[in-house]
Amino acid sequence: MISDNVKKGKERAPHRSLFFATGMKREDMKKPFIGICNSYESFVPGHCHLNKVGELLKAAIIEAGGVPMEFNTIAVCDGIAMAHQGMKYSLPSRELIADSVESIARAHCFDAMICVPNCDKIVPGMLLGALRVNIPTIFASGGPMAPGKHPLTKKDSDLNTVFEGVGAENAGKITAKDLEKIEETSCPGCGSCSGMFTANSMNCLYEALGLALPGNGSILAIDPKREELWKAAAKRIVQMAKKGGPLPRDLVTKESLDNALTLDMAMGGSTNTVLHTLAIAREADVDFTLERMNELSKRTPYICKLAPSGHYHVSDLDRAGGIMGILKRLPKELLHLDTPMVSGKTLGQQLKAAKITDDDVIRTLDNPYSKDGGLAVLWGNLAERGSVVKKGGVAPSMMNFTGKAICFDSQEEACEGILGGKVKPGHVVVIRYEGPKGGPGMQEMLAPTSYIIGAGLGESVALITDGRFSGATHGACVGHVSPEAAEGGLIGLLKDGDEITIDIPNRAINAKLSKSEIAKRKKELKPWSPRIKGGWLERYSRYVGNASTGASLK
């Protein structure tokens with residue numbers, strides 16, 4: 001066992017003495033050491049219950065014959081960090097989490113690890129670290145939040161409802177008192193936000209990747225079934241530790257990434273899944289590109305539309321059959337059924353047990369929302385290295401859109417401009433210098449996109465950015481525009497009034513500018529320099545890579 005490095009032999013007597021100080025017994029030195037990588041924080045709703053989950057897992061690991069060793073990572077709540085300086089730290093926190101997981105697992109010689117993430121950057125951050133140490137690892141997330149109830153419409157609501165409520169109140173469509181009621185009822189308890197936003201998208205993808213047991217992405221945080229899932233994961237990780245596998249690098253392969261992105265296209269997940277999957281593939285040394293994602297999108301039917309693109313939530317998906325239900329419904333030729341799972345079975349074997357109970361939540365193949373996937377990658381002179389759109393959340397009337405640019409050099413400028421009435425029908429809102437380098441940190445644009453929707457401009461205004469979007473974003477919003485403005489990309493050369501065409505069916509995004517005009521503007525462009533001087537973010541801005549390869553640190 002790997003843990004023998006810190007517990008076996010007379011020269012490890014000092015190490016054992018330190019372990020005994022924590023309450024371990026001599027007989028524990030013969031058992032596998034299981035790291036519990038927990039992202040508990042008391043003030044983050046997706047994580048505020050995970051201290052209790054840690055205690056449950058420790059008890060279950062002991063019962064299964066292992067020795068639990070719990071440690072914590074940081075966890076940034078994107079909703080709380082949204083629309084202010086804090087959002088610049090969200091994506092960079094992924095790298096800090098990966099480094100911390102690698103550091104603790106290596107320094108303390110775990111034989112295996114169970115990861116307990118929930119919200120956005122924590123899920124991929126933990127996997128990046130797990131791929132580096134490559135010890136048996138299983139993911140058991142904290143689970144999604146139940147949806148709230150809108151006080152005016154009586155329909156299910158979520159965090160995105162609140163952001164859109166700000167735009168609606170600003171436009172005079174609802175009162176300030178209405179907004180207060182919406183904010184008090186939309187997030188009813190613990191768990192990751194209740195729609196198919198980034199956290200839930202990633203936790204669902206891990207089922208298809210083979211890193212988590214069925215139900216990991218869809219069982220509510222407050223559902224008793226979630227407790228059974230945690231116990232099953234604890235029991236299984238002890239078995240995996242004793243067998244020595246499967247290992248993360250056995251599970252994250254080109255085939256399993258195909259499965260995960262096929263699922264992503266079928267359920268219209270967050271655009272952030274593209275960014276994180278590219279980073280995961282890079283860490284696993286798997287050649288996986290934006291071009292491959294578009295190939296998968298073109299062949300995969302969009303059969304499950306959840307909030308923010310639809311009116312169902314993750315709780316409805318769980319009731320209808322969960323992730324295994326979606327995969328079971330897809331044509332078998334779209335999947336690699338022989339890929340291994342942490343359960344010890346193959347994907348094909350797991351799908352045999354899956355049941356679909358609602359053909360509206362998980363649609364049949366003869367009744368898809370569209371014949372191709374819910375995400376798409378666009379190219380053109382505005383995105384020579386690609387850009388991403390959640391096409392499943394775009395109104396049919398906006399699939400082809402030509403408008404005049406109105407340019408903002410930060411998210412804050414854009415929010416002020418939208419709420420101040422500067423954005424009119426026919427505009428393409430351009431938010432730039434918000435990429436991985438330029439932001440720095442590639443802020444999410446949930447606030448400006450929600451203000452556009454809330455103001456009733458969702459079918460007359462588009463938005464493009466070298467930043468990224470929350471999984472809660474919907475509408476004609478194109479993100480991850482690469483190269484970004486800070487790299488000299490064309491998005492940084494645009495001027496108010498420039499004509500921009502977004503052609504989602506043909507996967508194209510272009511500005512109507514001649515090559516000579518573009519060359520002239522490039523000569524006039526001032527050299528980029530980091531916005532933030534000193535601290536972690538300056539280091540990050542200098543060493544972070546392009547969004548088209550996952551915005552990983554070089």
# chains A, B, ... in the order shown; residues from 1 in each chain; ligands from 1
>>> select_by_dssp(residues="range 139-172 of chain A", states="alpha helix (DSSP H)", output="JSON, numbers by chain")
{"A": [159, 160, 161, 162, 163, 164, 165, 166, 167, 168, 169, 170]}
>>> write_last_selection(atoms="N, CA and C atoms", output="PDB file, in the first residue's frame")
ATOM      1  N   LEU A 159     -31.746  30.503  -8.470  1.00  0.00           N
ATOM      2  CA  LEU A 159     -30.918  31.707  -8.357  1.00  0.00           C
ATOM      3  C   LEU A 159     -31.045  32.597  -9.589  1.00  0.00           C
ATOM      4  N   ASN A 160     -31.124  31.991 -10.774  1.00  0.00           N
ATOM      5  CA  ASN A 160     -31.238  32.774 -11.995  1.00  0.00           C
ATOM      6  C   ASN A 160     -32.507  33.626 -11.979  1.00  0.00           C
ATOM      7  N   THR A 161     -33.570  33.113 -11.362  1.00  0.00           N
ATOM      8  CA  THR A 161     -34.817  33.864 -11.244  1.00  0.00           C
ATOM      9  C   THR A 161     -34.581  35.185 -10.513  1.00  0.00           C
ATOM     10  N   VAL A 162     -33.701  35.156  -9.522  1.00  0.00           N
ATOM     11  CA  VAL A 162     -33.417  36.365  -8.747  1.00  0.00           C
ATOM     12  C   VAL A 162     -32.649  37.373  -9.598  1.00  0.00           C
ATOM     13  N   PHE A 163     -31.618  36.883 -10.316  1.00  0.00           N
ATOM     14  CA  PHE A 163     -30.847  37.790 -11.173  1.00  0.00           C
ATOM     15  C   PHE A 163     -31.754  38.435 -12.230  1.00  0.00           C
ATOM     16  N   GLU A 164     -32.627  37.635 -12.834  1.00  0.00           N
ATOM     17  CA  GLU A 164     -33.535  38.191 -13.836  1.00  0.00           C
ATOM     18  C   GLU A 164     -34.544  39.136 -13.186  1.00  0.00           C
ATOM     19  N   GLY A 165     -34.857  38.869 -11.911  1.00  0.00           N
ATOM     20  CA  GLY A 165     -35.750  39.756 -11.185  1.00  0.00           C
ATOM     21  C   GLY A 165     -35.176  41.151 -11.024  1.00  0.00           C
ATOM     22  N   VAL A 166     -33.841  41.242 -10.890  1.00  0.00           N
ATOM     23  CA  VAL A 166     -33.194  42.551 -10.793  1.00  0.00           C
ATOM     24  C   VAL A 166     -33.443  43.343 -12.074  1.00  0.00           C
ATOM     25  N   GLY A 167     -33.273  42.665 -13.227  1.00  0.00           N
ATOM     26  CA  GLY A 167     -33.525  43.335 -14.501  1.00  0.00           C
ATOM     27  C   GLY A 167     -34.981  43.719 -14.666  1.00  0.00           C
ATOM     28  N   ALA A 168     -35.880  42.835 -14.216  1.00  0.00           N
ATOM     29  CA  ALA A 168     -37.318  43.125 -14.326  1.00  0.00           C
ATOM     30  C   ALA A 168     -37.723  44.301 -13.444  1.00  0.00           C
ATOM     31  N   GLU A 169     -37.174  44.371 -12.232  1.00  0.00           N
ATOM     32  CA  GLU A 169     -37.488  45.482 -11.327  1.00  0.00           C
ATOM     33  C   GLU A 169     -36.933  46.786 -11.870  1.00  0.00           C
ATOM     34  N   ASN A 170     -35.721  46.716 -12.452  1.00  0.00           N
ATOM     35  CA  ASN A 170     -35.120  47.915 -13.031  1.00  0.00           C
ATOM     36  C   ASN A 170     -35.935  48.445 -14.209  1.00  0.00           C
TER      37      ASN A 170
END
>>> residues_around(residues="Lys235 in chain A", least_positions_apart="6", cutoff="12 Å", atoms="only C-alpha atoms", output="number ranges by chain")
A: 34, 56-68, 112-114, 138, 140, 213, 228-229, 241-242, 342-343
>>> atom_distance(atom1="CA of Asp498 in chain A", atom2="CA of Gly435 in chain A")
20.9 Å
>>> select_by_dssp(residues="range 363-513 of chain A", states="strand (DSSP E or B)", output="count of residues only")
45
>>> closest_residue(among="A:Gly374, A:Pro301, A:Phe288, A:Asn203", to="Asp264 in chain A", atoms="only C-alpha atoms")
A:Gly374
>>> closest_atom_pairs(of="range 192-213 of chain A", to="range 306-326 of chain A", cutoff="9 Å", atoms="only C-alpha atoms", output="CSV")
residue,atom,partner,partner_atom,distance
A:Ser194,CA,A:Val314,CA,6.0
A:Gly195,CA,A:Ala307,CA,4.7
A:Met196,CA,A:Leu306,CA,5.8
A:Phe197,CA,A:Pro308,CA,7.6
A:Asn200,CA,A:Val314,CA,7.9
A:Cys204,CA,A:Ile323,CA,6.5
A:Leu205,CA,A:Ile323,CA,8.4
A:Glu207,CA,A:Ile323,CA,7.3
A:Ala208,CA,A:Ile323,CA,7.9
>>> write_last_selection(atoms="N, CA and C atoms", output="mmCIF file, in the first residue's frame")
data_model
loop_
_atom_site.group_PDB
_atom_site.id
_atom_site.type_symbol
_atom_site.label_atom_id
_atom_site.label_comp_id
_atom_site.auth_asym_id
_atom_site.auth_seq_id
_atom_site.Cartn_x
_atom_site.Cartn_y
_atom_site.Cartn_z
ATOM 1 N N SER A 194 -30.257 24.735 -8.300
ATOM 2 C CA SER A 194 -31.143 23.628 -8.681
ATOM 3 C C SER A 194 -31.307 23.363 -10.170
ATOM 4 N N GLY A 195 -30.837 24.250 -11.029
ATOM 5 C CA GLY A 195 -30.937 24.015 -12.463
ATOM 6 C C GLY A 195 -29.728 23.281 -13.004
ATOM 7 N N MET A 196 -29.692 23.114 -14.338
ATOM 8 C CA MET A 196 -28.538 22.490 -14.970
ATOM 9 C C MET A 196 -27.472 23.553 -15.190
ATOM 10 N N PHE A 197 -26.998 24.093 -14.048
ATOM 11 C CA PHE A 197 -25.953 25.092 -14.065
ATOM 12 C C PHE A 197 -24.603 24.366 -14.021
ATOM 13 N N ASN A 200 -24.010 21.351 -11.212
ATOM 14 C CA ASN A 200 -24.766 20.133 -11.497
ATOM 15 C C ASN A 200 -24.344 19.511 -12.822
ATOM 16 N N CYS A 204 -22.953 15.740 -12.987
ATOM 17 C CA CYS A 204 -23.610 14.780 -13.876
ATOM 18 C C CYS A 204 -22.615 14.163 -14.855
ATOM 19 N N LEU A 205 -21.727 15.000 -15.408
ATOM 20 C CA LEU A 205 -20.741 14.488 -16.356
ATOM 21 C C LEU A 205 -19.844 13.421 -15.732
ATOM 22 N N GLU A 207 -20.640 11.090 -13.788
ATOM 23 C CA GLU A 207 -21.263 9.769 -13.907
ATOM 24 C C GLU A 207 -20.906 9.129 -15.247
ATOM 25 N N ALA A 208 -20.944 9.923 -16.306
ATOM 26 C CA ALA A 208 -20.620 9.398 -17.639
ATOM 27 C C ALA A 208 -19.128 9.134 -17.791
#
>>> residues_around(residues="Pro331 in chain A", least_positions_apart="5", cutoff="12 Å", atoms="only C-alpha atoms", output="JSON, numbers by chain")
{"A": [259, 262, 263, 266, 299, 300, 301, 303, 326, 336, 337, 364, 365, 366]}
>>> residues_around(residues="Val252 in chain A", least_positions_apart="3", cutoff="8 Å", atoms="only C-alpha atoms", output="PDB file with all heavy atoms, in the first residue's frame")
ATOM      1  N   LEU A 209     -18.301   9.941 -17.128  1.00  0.00           N
ATOM      2  CA  LEU A 209     -16.860   9.710 -17.155  1.00  0.00           C
ATOM      3  C   LEU A 209     -16.472   8.443 -16.413  1.00  0.00           C
ATOM      4  O   LEU A 209     -15.380   7.907 -16.624  1.00  0.00           O
ATOM      5  CB  LEU A 209     -16.121  10.892 -16.523  1.00  0.00           C
ATOM      6  CG  LEU A 209     -15.737  12.064 -17.426  1.00  0.00           C
ATOM      7  CD1 LEU A 209     -15.131  13.186 -16.591  1.00  0.00           C
ATOM      8  CD2 LEU A 209     -14.764  11.632 -18.512  1.00  0.00           C
ATOM      9  N   GLY A 210     -17.351   7.969 -15.528  1.00  0.00           N
ATOM     10  CA  GLY A 210     -17.061   6.767 -14.759  1.00  0.00           C
ATOM     11  C   GLY A 210     -16.466   7.029 -13.402  1.00  0.00           C
ATOM     12  O   GLY A 210     -16.051   6.111 -12.706  1.00  0.00           O
ATOM     13  N   PRO A 248      -7.812   7.044 -11.727  1.00  0.00           N
ATOM     14  CA  PRO A 248      -8.401   8.127 -12.519  1.00  0.00           C
ATOM     15  C   PRO A 248      -7.964   8.132 -13.978  1.00  0.00           C
ATOM     16  O   PRO A 248      -8.763   8.383 -14.878  1.00  0.00           O
ATOM     17  CB  PRO A 248      -7.936   9.387 -11.790  1.00  0.00           C
ATOM     18  CG  PRO A 248      -7.798   8.956 -10.366  1.00  0.00           C
ATOM     19  CD  PRO A 248      -7.279   7.555 -10.441  1.00  0.00           C
ATOM     20  N   ARG A 249      -6.685   7.826 -14.219  1.00  0.00           N
ATOM     21  CA  ARG A 249      -6.207   7.828 -15.597  1.00  0.00           C
ATOM     22  C   ARG A 249      -6.683   6.605 -16.380  1.00  0.00           C
ATOM     23  O   ARG A 249      -6.600   6.588 -17.616  1.00  0.00           O
ATOM     24  CB  ARG A 249      -4.681   7.946 -15.632  1.00  0.00           C
ATOM     25  CG  ARG A 249      -4.192   9.337 -15.283  1.00  0.00           C
ATOM     26  CD  ARG A 249      -2.676   9.434 -15.237  1.00  0.00           C
ATOM     27  NE  ARG A 249      -2.263  10.805 -14.997  1.00  0.00           N
ATOM     28  CZ  ARG A 249      -1.940  11.682 -15.941  1.00  0.00           C
ATOM     29  NH1 ARG A 249      -1.987  11.313 -17.212  1.00  0.00           N
ATOM     30  NH2 ARG A 249      -1.580  12.902 -15.635  1.00  0.00           N
ATOM     31  N   SER A 256     -14.204   7.852 -22.692  1.00  0.00           N
ATOM     32  CA  SER A 256     -15.087   8.319 -21.609  1.00  0.00           C
ATOM     33  C   SER A 256     -15.388   9.815 -21.752  1.00  0.00           C
ATOM     34  O   SER A 256     -16.482  10.276 -21.405  1.00  0.00           O
ATOM     35  CB  SER A 256     -14.473   8.018 -20.235  1.00  0.00           C
ATOM     36  OG  SER A 256     -13.333   8.811 -19.976  1.00  0.00           O
ATOM     37  N   LEU A 257     -14.433  10.576 -22.284  1.00  0.00           N
ATOM     38  CA  LEU A 257     -14.698  11.992 -22.547  1.00  0.00           C
ATOM     39  C   LEU A 257     -15.745  12.135 -23.650  1.00  0.00           C
ATOM     40  O   LEU A 257     -16.605  13.021 -23.586  1.00  0.00           O
ATOM     41  CB  LEU A 257     -13.410  12.713 -22.930  1.00  0.00           C
ATOM     42  CG  LEU A 257     -12.447  12.985 -21.760  1.00  0.00           C
ATOM     43  CD1 LEU A 257     -11.067  13.372 -22.283  1.00  0.00           C
ATOM     44  CD2 LEU A 257     -12.987  14.074 -20.844  1.00  0.00           C
ATOM     45  N   ALA A 281      -8.904  16.970 -19.884  1.00  0.00           N
ATOM     46  CA  ALA A 281      -8.251  16.191 -20.943  1.00  0.00           C
ATOM     47  C   ALA A 281      -6.760  16.499 -21.000  1.00  0.00           C
ATOM     48  O   ALA A 281      -5.922  15.597 -21.143  1.00  0.00           O
ATOM     49  CB  ALA A 281      -8.919  16.486 -22.283  1.00  0.00           C
ATOM     50  N   ALA A 284      -5.003  14.798 -18.211  1.00  0.00           N
ATOM     51  CA  ALA A 284      -4.967  13.339 -18.396  1.00  0.00           C
ATOM     52  C   ALA A 284      -4.162  12.930 -19.621  1.00  0.00           C
ATOM     53  O   ALA A 284      -4.091  11.736 -19.944  1.00  0.00           O
ATOM     54  CB  ALA A 284      -6.392  12.813 -18.523  1.00  0.00           C
TER      55      ALA A 284
END
>>> residues_around(residues="Arg26 in chain A", least_positions_apart="3", cutoff="10 Å", atoms="only C-alpha atoms", output="PDB file with N, CA, C and O atoms, in the first residue's frame")
ATOM      1  N   LYS A   7       3.933   4.450   7.439  1.00  0.00           N
ATOM      2  CA  LYS A   7       3.466   3.692   8.611  1.00  0.00           C
ATOM      3  C   LYS A   7       4.174   2.360   8.821  1.00  0.00           C
ATOM      4  O   LYS A   7       3.954   1.720   9.855  1.00  0.00           O
ATOM      5  N   ARG A  16       4.209   7.022  13.024  1.00  0.00           N
ATOM      6  CA  ARG A  16       3.119   6.332  13.731  1.00  0.00           C
ATOM      7  C   ARG A  16       2.778   7.056  15.028  1.00  0.00           C
ATOM      8  O   ARG A  16       1.600   7.152  15.408  1.00  0.00           O
ATOM      9  N   SER A  17       3.775   7.595  15.685  1.00  0.00           N
ATOM     10  CA  SER A  17       3.532   8.327  16.920  1.00  0.00           C
ATOM     11  C   SER A  17       2.611   9.521  16.673  1.00  0.00           C
ATOM     12  O   SER A  17       1.694   9.791  17.459  1.00  0.00           O
ATOM     13  N   PHE A  19       0.435   9.730  14.215  1.00  0.00           N
ATOM     14  CA  PHE A  19      -0.899   9.191  13.921  1.00  0.00           C
ATOM     15  C   PHE A  19      -1.616   8.792  15.214  1.00  0.00           C
ATOM     16  O   PHE A  19      -2.820   9.030  15.370  1.00  0.00           O
ATOM     17  N   PHE A  20      -0.875   8.209  16.143  1.00  0.00           N
ATOM     18  CA  PHE A  20      -1.494   7.813  17.414  1.00  0.00           C
ATOM     19  C   PHE A  20      -2.034   9.042  18.155  1.00  0.00           C
ATOM     20  O   PHE A  20      -3.039   8.961  18.876  1.00  0.00           O
ATOM     21  N   GLY A  23      -5.625   9.699  17.526  1.00  0.00           N
ATOM     22  CA  GLY A  23      -6.609   8.710  17.944  1.00  0.00           C
ATOM     23  C   GLY A  23      -6.522   7.384  17.218  1.00  0.00           C
ATOM     24  O   GLY A  23      -7.299   6.461  17.511  1.00  0.00           O
ATOM     25  N   MET A  29      -2.765   0.575  11.418  1.00  0.00           N
ATOM     26  CA  MET A  29      -1.604   0.639  10.539  1.00  0.00           C
ATOM     27  C   MET A  29      -1.632  -0.460   9.472  1.00  0.00           C
ATOM     28  O   MET A  29      -0.861  -0.426   8.513  1.00  0.00           O
ATOM     29  N   LYS A  30      -2.521  -1.424   9.626  1.00  0.00           N
ATOM     30  CA  LYS A  30      -2.641  -2.506   8.635  1.00  0.00           C
ATOM     31  C   LYS A  30      -3.745  -2.229   7.609  1.00  0.00           C
ATOM     32  O   LYS A  30      -3.939  -3.007   6.684  1.00  0.00           O
ATOM     33  N   LYS A  31      -4.454  -1.133   7.794  1.00  0.00           N
ATOM     34  CA  LYS A  31      -5.602  -0.831   6.933  1.00  0.00           C
ATOM     35  C   LYS A  31      -5.253   0.249   5.905  1.00  0.00           C
ATOM     36  O   LYS A  31      -4.316   1.029   6.113  1.00  0.00           O
TER      37      LYS A  31
END
>>> residues_around(residues="range 536-546 of chain A", least_positions_apart="6", cutoff="6 Å", atoms="only C-alpha atoms", output="ChimeraX atom specification")
/A:437,440,552-554
>>> closest_residue(among="A:Ala233, A:Met82, A:Ala199, A:Val481", to="Ser218 in chain A", atoms="only C-alpha atoms")
A:Ala199
>>> closest_residue(among="A:Gly86, A:Pro396, A:Gly380, A:Gly142", to="Ile491 in chain A", atoms="only C-alpha atoms")
A:Gly380
>>> closest_atom_pairs(of="range 375-487 of chain A", to="range 510-518 of chain A", cutoff="8 Å", atoms="only C-alpha atoms", output="JSON lines")
{"residue": "A:Trp379", "atom": "CA", "partner": "A:Asn510", "partner_atom": "CA", "distance": 7.9}
{"residue": "A:Gly380", "atom": "CA", "partner": "A:Asn510", "partner_atom": "CA", "distance": 5.2}
{"residue": "A:Asn381", "atom": "CA", "partner": "A:Asn510", "partner_atom": "CA", "distance": 5.3}
{"residue": "A:Leu382", "atom": "CA", "partner": "A:Asn510", "partner_atom": "CA", "distance": 5.2}
{"residue": "A:Ala383", "atom": "CA", "partner": "A:Asn510", "partner_atom": "CA", "distance": 7.7}
>>> write_last_selection(atoms="all heavy atoms", output="mmCIF file, in the first residue's frame")
data_model
loop_
_atom_site.group_PDB
_atom_site.id
_atom_site.type_symbol
_atom_site.label_atom_id
_atom_site.label_comp_id
_atom_site.auth_asym_id
_atom_site.auth_seq_id
_atom_site.Cartn_x
_atom_site.Cartn_y
_atom_site.Cartn_z
ATOM 1 N N TRP A 379 -16.836 29.465 -34.869
ATOM 2 C CA TRP A 379 -15.561 30.006 -35.334
ATOM 3 C C TRP A 379 -15.805 31.153 -36.300
ATOM 4 O O TRP A 379 -16.911 31.317 -36.818
ATOM 5 C CB TRP A 379 -14.743 28.927 -36.057
ATOM 6 C CG TRP A 379 -14.006 27.989 -35.161
ATOM 7 C CD1 TRP A 379 -12.765 28.173 -34.606
ATOM 8 C CD2 TRP A 379 -14.435 26.707 -34.710
ATOM 9 N NE1 TRP A 379 -12.417 27.082 -33.839
ATOM 10 C CE2 TRP A 379 -13.419 26.170 -33.890
ATOM 11 C CE3 TRP A 379 -15.586 25.941 -34.917
ATOM 12 C CZ2 TRP A 379 -13.520 24.933 -33.288
ATOM 13 C CZ3 TRP A 379 -15.690 24.708 -34.316
ATOM 14 C CH2 TRP A 379 -14.672 24.210 -33.506
ATOM 15 N N GLY A 380 -14.779 31.928 -36.555
ATOM 16 C CA GLY A 380 -14.853 33.023 -37.509
ATOM 17 C C GLY A 380 -13.768 34.030 -37.207
ATOM 18 O O GLY A 380 -12.900 33.789 -36.355
ATOM 19 N N ASN A 381 -13.799 35.208 -37.876
ATOM 20 C CA ASN A 381 -12.727 36.173 -37.619
ATOM 21 C C ASN A 381 -12.792 36.748 -36.205
ATOM 22 O O ASN A 381 -11.795 37.239 -35.678
ATOM 23 C CB ASN A 381 -12.719 37.285 -38.681
ATOM 24 C CG ASN A 381 -13.948 38.187 -38.645
ATOM 25 O OD1 ASN A 381 -14.850 38.026 -37.825
ATOM 26 N ND2 ASN A 381 -13.991 39.152 -39.560
ATOM 27 N N LEU A 382 -13.955 36.626 -35.558
ATOM 28 C CA LEU A 382 -14.067 37.063 -34.165
ATOM 29 C C LEU A 382 -13.630 35.989 -33.180
ATOM 30 O O LEU A 382 -13.447 36.267 -31.996
ATOM 31 C CB LEU A 382 -15.515 37.475 -33.855
ATOM 32 C CG LEU A 382 -15.819 38.965 -33.902
ATOM 33 C CD1 LEU A 382 -17.302 39.206 -33.703
ATOM 34 C CD2 LEU A 382 -15.000 39.732 -32.883
ATOM 35 N N ALA A 383 -13.507 34.760 -33.652
ATOM 36 C CA ALA A 383 -13.140 33.645 -32.767
ATOM 37 C C ALA A 383 -12.324 32.638 -33.558
ATOM 38 O O ALA A 383 -12.778 31.539 -33.874
ATOM 39 C CB ALA A 383 -14.384 32.993 -32.181
#
>>> closest_residue(among="A:Pro14, A:Pro483, A:Gly489, A:Gly439", to="His84 in chain A", atoms="only C-alpha atoms")
A:Gly439
